[in-house]
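Asks: First, the structure itself, so that you have it in front of you.
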Amino acid sequence: MKLKRLNKFWKVIVVVATLIGIFLSVNMLFYLETFGLSLIQNAYLYYLLACFMPISFLIFPAKKTQTKIKWFDFLLFVVSLIIAVYFGINGEQMILRGWEWIAPPLATTFSVIFWGLLLEALRRTGGLVLTIVCAVISLYPLVTHKIPIEFLQGQNFDFLTLARNHVMSANSVLGIPFTTVGNLIIGFLVFGVVLTYTGGGEFFFKLAQSMFGRTRGGEAKISIISSAFFGMLSGSAISNTVTTGAMTIPAMKKSGYKPHYAAAIEATASTGGTITPPIMGSAAFIMASFLAVPYYEIALAAAIPAVLYFICLLIQADGYAAKNGLTGVSKSELPSFWRTMKNGWFFLLALLLLIVILGFLNSEGQAPYYVSIVLLVIAMINKKTRLNWNKLFNMFAEMGKVLSEIVCIIAGIGLVVGALSITGVSFSFSRELIVAAGDSLILILIAGAITSFILGMGVTVSASYIFLAVIMAPALIELGVDPIAAHLFVIYWATCSYITPPVALASFTAAGIAGSKPLKTGMTSVRLGIVTLIIPFFIVYQPALIGHGKPTEIAISVVTALLGIFMFSCALEGYLLGAGKVDNIFMRIVLFAAGLFMLIPGLMTDGIGMVLTLLIYLILLYKAKIKMDNKEKLEVL
């Protein structure tokens with residue numbers, strides 16, 4: 001949409017910058033040394049900034065009402081390009097001579113200007129709230145010695161030294177988050193755009209239709225499954241909601257789902273797609289870098305919680321359909337499963353190939369490029385999916401938009417990481433957090449959940465995650481929590497802000513499409529996506545739910561978790577599959593409690609959960625029998 005403000009000339013500039021950026025990434029990750037070009041890490045990252053930060057001033061307007069590129073957009077484009085290229089050329093000198101401490105006057109001046117330019121690029125791509133948070137924290141090292149609270153004190157810096165450290169050290173703008181962008185995330189974003197432009201989104205939507213369309217509440221299940229697929233590709237809850245919601249929400253409303261419920265289904269499913277392997281949101285890739293583990297380990301750990309999330313959503317959608325007598329879509333209105341597979345089998349091959357390369361060949365940075373090439377070749381051979389020059393041009397322009405957005409956001413968030421690490425506050429804060437909580441894990445988890453949620457309301461999931469990964473995750477790990485479980489806890493709670501009022505961006509976006517009340521849609525989304533709020537606590541206490549443990553432990557944990565999810569999903573919807581409606585509020589509370597008992601590790605809690613559920617089943621079946629007997633008596637009379 002934002003590309004509409006670019007004329008042909010500026011689109012060409014964006015495409016050229018994008019192609020150069022992708023070339024640099026491929027040359028670096030495949031060790032090609034094309035034309036003798038062999039870059040050290042910091043020079044490579046500066047050149048990526050030179051490719052994608054300047055074009056953000058062209059693509060993203062200073063104001064929403066601005067429809068054309070203004071003179072100041074062009075000025076910011078030129079200045080940011082010159083400075084980033086200057087830093088790239090002097091990357092080696094920067095390291096050898098320690099420019100983050102003592103640098104030539106020109107480099108110091110450029111550092112100050114680049115700091116300001118990055119904040120403006122961040123404002124355009126990530127929003128004002130995120131920019132204010134990053135700007136304030138980036139200035140924090142100037143006043144750390146004056147803070148009255150001891151554990152918030154740290155090494156202070158003068159303004160120019162701080163600017164040099166932010167821009168020319170490996171701790172801030174070029175820290176772990178942006179290094180992850182250069183070494184990992186760019187390739188996956190390229191793959192996502194290629195998959196979408198070659199028809200992957202349409203294929204997965206038709207696949208969901210052919211598989212679930214005829215079942216009870218089929219339209220809702222189509223929305224859930226297609227949004228899960230699309231979310232894996234886009235990694236963005238908002239774009240997922242807009243893209244798939246335009247098709248699924250009207251279809252759900254037509255089939256009998258109320259507008260607020262249809263919107264909530266779409267928003268919740270779209271949000272779940274961002275935490276679903278194999279391609280998760282950018283925070284998951286950054287998490288792999290923070291933990292120094294292969295990305296596929298993060299993807300494997302997130303697999304079971306993702307399955308639980310969507311099963312919970314499917315059960316509630318099915319229960320709603322059962323309560324309201326909604327049926328599936330007629331076979332004549334649905335695409336053929338086999339025809340769909342025949343026309344788009346290579347999309348599933350692409351995902352399978354990606355998983356194989358990630359899991360077995362240990363080539364994380366290279367994997368998405370290999371698969372993108374395979375996908376493009378097959379798509380170009382197939383007449384139905386072949387891309388002409390215009391489509392290819394638009395595809396690379398879209399890549400430019402996606403990549404410039406993530407580059408500016410993650411580089412801007414790096415200012416937060418830099419400020420907290422160079423002052424030493426991140427380490428002292430996590431220590432004091434443990435002391436303040438009295439070594440109580442549950443208190444730290446509750447504090448972390450609230451903080452993640454509040455941060456998630458104003459900033460991106462990546463920003464919220466990075467901030468808490470620096471200050472809170474170390475405290476959890478020090479208390480004995482599995483490192484991946486600790487970091488996933490933060491990501492899940494930051495993600496839930498997409499569907500939880502008062503912000504609930506995904507829910508409110510879906511409400512706009514459905515024409516429903518935003519707050520009502522948001523509250524319904526919370527109920528449907530409650531797994532996002534509950535499961536993070538259980539994966540901390542039960543690492544088997546992220547695949548860590550003996551096979552028998554994992555199997556038992558998964559089975560009991562599935563039963564637990566089933567129970568409280570039925571309780572939330574007020575419909576117990578196999579027994580009928582659960583109108584009594586007390587019985588629904590008992591059923592919900594039974595589900596929680598099943599999630600708590602231990603034979604005793606599992607037994608309590610099963611007994612409570614069995615009692616509810618017996619009561620409902622007994623009531624149904626009495627009702628049937630009375631009906632038969634009335635018919636006899």
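Identifiers for the structure tokens are assigned positionally: chains receive A, B, ... in sequence, residues are indexed from 1 per chain, and ligands are indexed from 1 in the order shown.
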I want to know what sits within 7 Å of segment 83-91 of chain A, based on only C-alpha atoms, with residues of the same chain fewer than 6 positions away left out; could you give that as a VMD selection string?

Replies: chain A and resid 42 to 44 46 to 47 49 to 50 110

Asks: Taking only residues of segment 233-345 of chain A that have an atom at most 8 Å from an atom of segment 560-572 of chain A, what is each one's shortest atom pair and its distance in Å to one decimal, using only C-alpha atoms, in chain and number order, as JSON lines?

Replies:
```
{"residue": "A:Leu308", "atom": "CA", "partner": "A:Leu562", "partner_atom": "CA", "distance": 6.7}
{"residue": "A:Ile311", "atom": "CA", "partner": "A:Ile565", "partner_atom": "CA", "distance": 7.7}
{"residue": "A:Cys312", "atom": "CA", "partner": "A:Ser569", "partner_atom": "CA", "distance": 5.6}
{"residue": "A:Leu313", "atom": "CA", "partner": "A:Ser569", "partner_atom": "CA", "distance": 7.7}
{"residue": "A:Ile315", "atom": "CA", "partner": "A:Ser569", "partner_atom": "CA", "distance": 6.3}
{"residue": "A:Gln316", "atom": "CA", "partner": "A:Ser569", "partner_atom": "CA", "distance": 5.8}
{"residue": "A:Gly319", "atom": "CA", "partner": "A:Cys570", "partner_atom": "CA", "distance": 7.0}
```

Asks: Any idea what's packed within 8 Å of Arg5 of chain A, counting only C-alpha atoms, ignoring anything in its chain fewer than 5 positions away? Could you give it as a list in words?

Replies: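 Selected residues are Ile59, Thr67, Lys68 and Ile69 of chain A.
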
Asks: Find the spatial neighbours of Ser169 of chain A, counting only C-alpha atoms, within a cut-off of 10 Å - ignore same-chain residues fewer than 5 positions away - and output them as a PyMOL selection string.

Replies: chain A and resi 42+94-95+98-101+163-164+174-175+418

Asks: For Asn343 of chain A, which residue out of A:Leu207, A:Leu488, A:Leu596, A:Val417 is the nearest one, using only C-alpha atoms?

Replies: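 So, comparing all the options, the nearest one is A:Leu207.
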
Asks: Quote the spacing between atom CA of Asn390 of chain A and atom CA of Lys4 of chain A in Å to one decimal place.

Replies: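 Those two atoms sit 15.1 Å apart.
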
Asks: Any idea what's packed within 9 Å of Ile13 of chain A, counting only C-alpha atoms, ignoring anything in its chain fewer than 5 positions away? Could you give it as number ranges by chain?

Replies: A: 8, 18, 55

Asks: Can you tell me which residues surround Val481 of chain A at a distance of at most 7 Å, considering only C-alpha atoms, apart from same-chain residues fewer than 5 positions away, and format the answer as number ranges by chain?

Replies: A: 476, 486, 540

Asks: For Met280 of chain A, find every residue with an atom within 12 Å (counting only C-alpha atoms), except residues of its own chain fewer than 6 positions away, and show them as number ranges by chain.

Replies: A: 185, 188-189, 192, 228-237, 270-274, 286-288, 295-296, 298-303, 306, 461-462, 488, 491-492, 495

Asks: A:Leu348, A:Thr198, A:Glu432, A:Phe537: which is nearest Ala379 of chain A, counting only C-alpha atoms?

Replies: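 Under the stated criterion, the closest residue is A:Thr198.
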
Asks: Taking only C-alpha atoms into account, name the residue in A:Val416, A:Ile238, A:Leu39, A:Val79 that is nearest to Val136 of chain A.

Replies: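 For Val136 of chain A, the nearest of the given residues is A:Val416.
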
Asks: Rounded to one decimal in Å, what is the spacing between atom CA of Asn382 of chain A and atom CA of Ile222 of chain A?

Replies: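 That distance, rounded to one decimal, is 26.3 Å.
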
Asks: Using only C-alpha atoms, can you tell me which of A:Gly36, A:Thr532, A:Ala269, A:Ile409 comes closest to Gly127 of chain A?

Replies: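 Answer, going by the shortest atom-to-atom distance: A:Ile409.
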
Asks: Which residue gives the smallest distance to Tyr320 of chain A among A:Arg339, A:Arg216, A:Lys253, A:Arg527, with only C-alpha atoms counted?

Replies: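 Looking at the shortest contact to Tyr320 of chain A, the residue is A:Arg216.
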
Asks: Based on the backbone DSSP call, show me all residues of segment 210-331 of chain A assigned helix (DSSP H, G or I), as an MDAnalysis selection string.

Replies: chainID A and resid 210:212 218:234 237:255 259:273 282:291 295:323 331

Asks: Looking at only C-alpha atoms, which of A:Val143, A:Leu415, A:Leu479, A:Leu591 is the one that sits closest to Gly116 of chain A?

Replies: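 Going through A:Val143, A:Leu415, A:Leu479, A:Leu591 one by one, the smallest distance to Gly116 of chain A is for A:Leu415.
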